[in-house]
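Contents: one structure, followed by commentary.
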Number of protein chains: 2
Amino acid sequence: MNSLTNLFAEIPAEPPEELFQTLLHAPGVRIERIVSFGHASPEGFWYDQETAEWVLLLTGGARLRFEGEEPIDLRSGAFVNIPAHTRHRVEWTDPSQPTVWLAIHYDSA
Amino acid sequence: MNSLTNLFAEIPAEPPEELFQTLLHAPGVRIERIVSFGHASPEGFWYDQETAEWVLLLTGGARLRFEGEEPIDLRSGAFVNIPAHTRHRVEWTDPSQPTVWLAIHYDSA
């Protein structure tokens, strides 16, 4: 948890790593800000998560791929629901500006 | 639930009423888009909700008040956590443009 009060505040200029910040943690739900700067999932890496994730892209752009499917281009306002254990990866994020995501992780059982 | 895939899409021009759309409903969590157009809570009305709500303002602007406190001005990116049964009201939203909110309703018990 941290003291951030604005989703677009405190974005460092070109940090070397993606930024993950938990904004709220309650039983069964965790709200997270993610800031990417051209980052992508490592070659051959797939996320396979215990919890479901509803993710909204707010600035920048990204390309998301679910295993066995065509990639999806996401721009400002786009949201996607990712059920638990649905393998996916981020193929690309915009290298020219920060990509700000809001991720809602929730128990879907 | 509906087929919306972008938070900023399908915003009608100056609808007479606030727009509430559930984007995801899972056990213990509901994600909702709210679009206001100068709407405010009726005089003397206070929300008193069974569930907690984490709300993020994305476009437009608003003034939120918790009972017994000074109002809070919200602009793009501002977020606020509203515990269950914390009385609050929306005193003002920008009449010149749509105010788009993302609300995460969650069980906090």
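Naming works like this for the structure tokens: A, B, ... for the chains as they're shown, residue 1 at the start of each chain, ligands 1 onward in shown order.
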Skipping near chain neighbours, those fewer than 3 positions away, what residues fall within 12 Å of Ser41 (chain B) using only C-alpha atoms, listed as an NGL selection string?
:B and (17-18 or 36 or 38 or 44-47 or 62-65 or 88-93)
Selection to disk with all heavy atoms, as a compact mmCIF listing (two decimals), in the first residue's frame:
# COMPACT_ATOMS: atom_id res chain seq x y z
N GLU B 17 -29.88 11.60 -17.72
CA GLU B 17 -29.61 10.94 -16.45
C GLU B 17 -28.19 10.37 -16.43
O GLU B 17 -27.61 10.09 -17.47
CB GLU B 17 -30.60 9.79 -16.23
CG GLU B 17 -32.02 10.27 -16.20
CD GLU B 17 -32.98 9.26 -15.63
OE1 GLU B 17 -32.56 8.11 -15.39
OE2 GLU B 17 -34.15 9.62 -15.45
N GLU B 18 -27.68 10.21 -15.22
CA GLU B 18 -26.38 9.55 -15.09
C GLU B 18 -26.47 8.14 -15.64
O GLU B 18 -27.51 7.49 -15.57
CB GLU B 18 -25.98 9.48 -13.61
CG GLU B 18 -25.19 10.68 -13.16
CD GLU B 18 -24.76 10.58 -11.71
OE1 GLU B 18 -25.60 10.21 -10.86
OE2 GLU B 18 -23.61 10.91 -11.41
N SER B 36 -21.30 10.89 -15.57
CA SER B 36 -22.12 12.01 -15.09
C SER B 36 -21.96 13.19 -16.05
O SER B 36 -20.91 13.34 -16.68
CB SER B 36 -21.64 12.47 -13.71
OG SER B 36 -21.39 11.39 -12.84
N GLY B 38 -22.74 16.82 -15.26
CA GLY B 38 -23.23 17.90 -14.41
C GLY B 38 -24.17 17.41 -13.32
O GLY B 38 -24.71 18.22 -12.56
N GLY B 44 -29.45 17.24 0.21
CA GLY B 44 -29.71 16.51 1.46
C GLY B 44 -29.57 14.99 1.36
O GLY B 44 -29.71 14.28 2.34
N PHE B 45 -29.28 14.50 0.15
CA PHE B 45 -29.13 13.05 -0.03
C PHE B 45 -27.72 12.60 0.30
O PHE B 45 -26.75 13.24 -0.10
CB PHE B 45 -29.46 12.67 -1.48
CG PHE B 45 -29.17 11.23 -1.80
CD1 PHE B 45 -30.13 10.25 -1.56
CD2 PHE B 45 -27.94 10.84 -2.32
CE1 PHE B 45 -29.87 8.92 -1.83
CE2 PHE B 45 -27.67 9.50 -2.60
CZ PHE B 45 -28.64 8.55 -2.35
N TRP B 46 -27.62 11.49 1.02
CA TRP B 46 -26.30 10.89 1.31
C TRP B 46 -26.32 9.43 0.88
O TRP B 46 -27.24 8.69 1.23
CB TRP B 46 -25.98 10.97 2.80
CG TRP B 46 -25.84 12.37 3.31
CD1 TRP B 46 -26.82 13.15 3.83
CD2 TRP B 46 -24.64 13.16 3.32
NE1 TRP B 46 -26.30 14.38 4.17
CE2 TRP B 46 -24.97 14.42 3.87
CE3 TRP B 46 -23.31 12.93 2.91
CZ2 TRP B 46 -24.02 15.44 4.02
CZ3 TRP B 46 -22.37 13.94 3.07
CH2 TRP B 46 -22.73 15.18 3.62
N TYR B 47 -25.30 9.02 0.15
CA TYR B 47 -25.12 7.59 -0.11
C TYR B 47 -24.69 6.91 1.19
O TYR B 47 -23.87 7.46 1.94
CB TYR B 47 -24.01 7.35 -1.14
CG TYR B 47 -24.35 7.69 -2.56
CD1 TYR B 47 -23.91 8.89 -3.13
CD2 TYR B 47 -25.08 6.81 -3.35
CE1 TYR B 47 -24.20 9.21 -4.45
CE2 TYR B 47 -25.36 7.12 -4.68
CZ TYR B 47 -24.92 8.31 -5.21
OH TYR B 47 -25.20 8.63 -6.52
N ALA B 62 -15.17 16.51 -10.40
CA ALA B 62 -16.25 16.32 -9.44
C ALA B 62 -15.85 16.87 -8.08
O ALA B 62 -14.66 17.07 -7.80
CB ALA B 62 -16.61 14.85 -9.32
N ARG B 63 -16.86 17.11 -7.27
CA ARG B 63 -16.63 17.48 -5.87
C ARG B 63 -17.39 16.49 -5.01
O ARG B 63 -18.61 16.34 -5.13
CB ARG B 63 -17.09 18.91 -5.60
CG ARG B 63 -16.65 19.42 -4.22
CD ARG B 63 -16.97 20.91 -4.02
NE ARG B 63 -16.45 21.67 -5.16
CZ ARG B 63 -17.21 22.46 -5.94
NH1 ARG B 63 -18.50 22.62 -5.71
NH2 ARG B 63 -16.65 23.08 -6.96
N LEU B 64 -16.65 15.80 -4.17
CA LEU B 64 -17.19 14.74 -3.32
C LEU B 64 -17.15 15.22 -1.88
O LEU B 64 -16.19 15.88 -1.47
CB LEU B 64 -16.30 13.50 -3.49
CG LEU B 64 -16.66 12.22 -2.75
CD1 LEU B 64 -17.90 11.58 -3.39
CD2 LEU B 64 -15.48 11.24 -2.83
N ARG B 65 -18.16 14.88 -1.11
CA ARG B 65 -18.13 15.25 0.30
C ARG B 65 -18.46 14.04 1.17
O ARG B 65 -19.44 13.34 0.93
CB ARG B 65 -19.13 16.38 0.60
CG ARG B 65 -19.03 16.88 2.05
CD ARG B 65 -20.19 17.80 2.43
NE ARG B 65 -20.11 19.09 1.78
CZ ARG B 65 -19.53 20.18 2.33
NH1 ARG B 65 -18.98 20.10 3.52
NH2 ARG B 65 -19.53 21.32 1.67
N HIS B 88 -21.67 9.74 2.14
CA HIS B 88 -21.01 10.67 1.22
C HIS B 88 -22.00 11.12 0.15
O HIS B 88 -23.03 10.49 -0.06
CB HIS B 88 -19.80 10.00 0.58
CG HIS B 88 -20.15 8.81 -0.28
ND1 HIS B 88 -20.48 7.58 0.27
CD2 HIS B 88 -20.24 8.65 -1.62
CE1 HIS B 88 -20.75 6.72 -0.70
NE2 HIS B 88 -20.62 7.34 -1.86
N ARG B 89 -21.67 12.21 -0.50
CA ARG B 89 -22.49 12.68 -1.60
C ARG B 89 -21.62 13.34 -2.66
O ARG B 89 -20.49 13.75 -2.38
CB ARG B 89 -23.59 13.65 -1.12
CG ARG B 89 -23.12 14.73 -0.20
CD ARG B 89 -24.25 15.63 0.29
NE ARG B 89 -24.50 16.66 -0.71
CZ ARG B 89 -25.62 16.79 -1.42
NH1 ARG B 89 -26.64 16.00 -1.21
NH2 ARG B 89 -25.74 17.74 -2.34
N VAL B 90 -22.14 13.39 -3.87
CA VAL B 90 -21.45 14.09 -4.95
C VAL B 90 -22.09 15.48 -5.03
O VAL B 90 -23.26 15.61 -5.36
CB VAL B 90 -21.59 13.34 -6.29
CG1 VAL B 90 -20.92 14.12 -7.41
CG2 VAL B 90 -20.98 11.94 -6.17
N GLU B 91 -21.29 16.49 -4.71
CA GLU B 91 -21.86 17.85 -4.66
C GLU B 91 -21.93 18.49 -6.03
O GLU B 91 -22.76 19.39 -6.25
CB GLU B 91 -21.00 18.72 -3.75
CG GLU B 91 -20.82 18.16 -2.36
CD GLU B 91 -21.30 19.09 -1.28
OE1 GLU B 91 -20.77 20.22 -1.21
OE2 GLU B 91 -22.22 18.70 -0.53
N TRP B 92 -21.04 18.08 -6.92
CA TRP B 92 -20.94 18.74 -8.21
C TRP B 92 -20.19 17.85 -9.17
O TRP B 92 -19.28 17.13 -8.79
CB TRP B 92 -20.15 20.05 -8.02
CG TRP B 92 -19.84 20.84 -9.25
CD1 TRP B 92 -20.63 21.79 -9.84
CD2 TRP B 92 -18.62 20.77 -10.04
NE1 TRP B 92 -19.98 22.30 -10.95
CE2 TRP B 92 -18.76 21.70 -11.09
CE3 TRP B 92 -17.46 20.02 -9.94
CZ2 TRP B 92 -17.76 21.90 -12.05
CZ3 TRP B 92 -16.46 20.20 -10.90
CH2 TRP B 92 -16.63 21.14 -11.94
N THR B 93 -20.63 17.82 -10.44
CA THR B 93 -19.76 17.30 -11.50
C THR B 93 -19.75 18.32 -12.63
O THR B 93 -20.67 19.13 -12.78
CB THR B 93 -20.22 15.93 -12.05
OG1 THR B 93 -21.54 16.04 -12.62
CG2 THR B 93 -20.21 14.85 -10.97
For a quick test of understanding: name the residues of chain B lying within 8 Å of chain A when counting only C-alpha atoms, and present them as a PyMOL selection string.
chain B and resi 5-9+26-29+76-80+106-109
From a backbone DSSP assignment, name each residue in chain B labelled strand (DSSP E or B), as a count of residues only.
53
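CA of Gln97 (chain B) to CA of Pro16 (chain B) spans 13.3 Å [interatomic distance, one decimal].
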Would you please work out which residue, of A:Ile82, A:Arg87, A:Thr51, A:Thr99, is nearest to Gly68 (chain A) when using only C-alpha atoms?
A:Arg87
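Rounded to one decimal, CA of Gln21 (chain B) and CA of Arg33 (chain B) lie 5.2 Å from each other.
The spacing separating CA of Glu10 (chain A) from CA of Gln49 (chain A) amounts to 27.6 Å.
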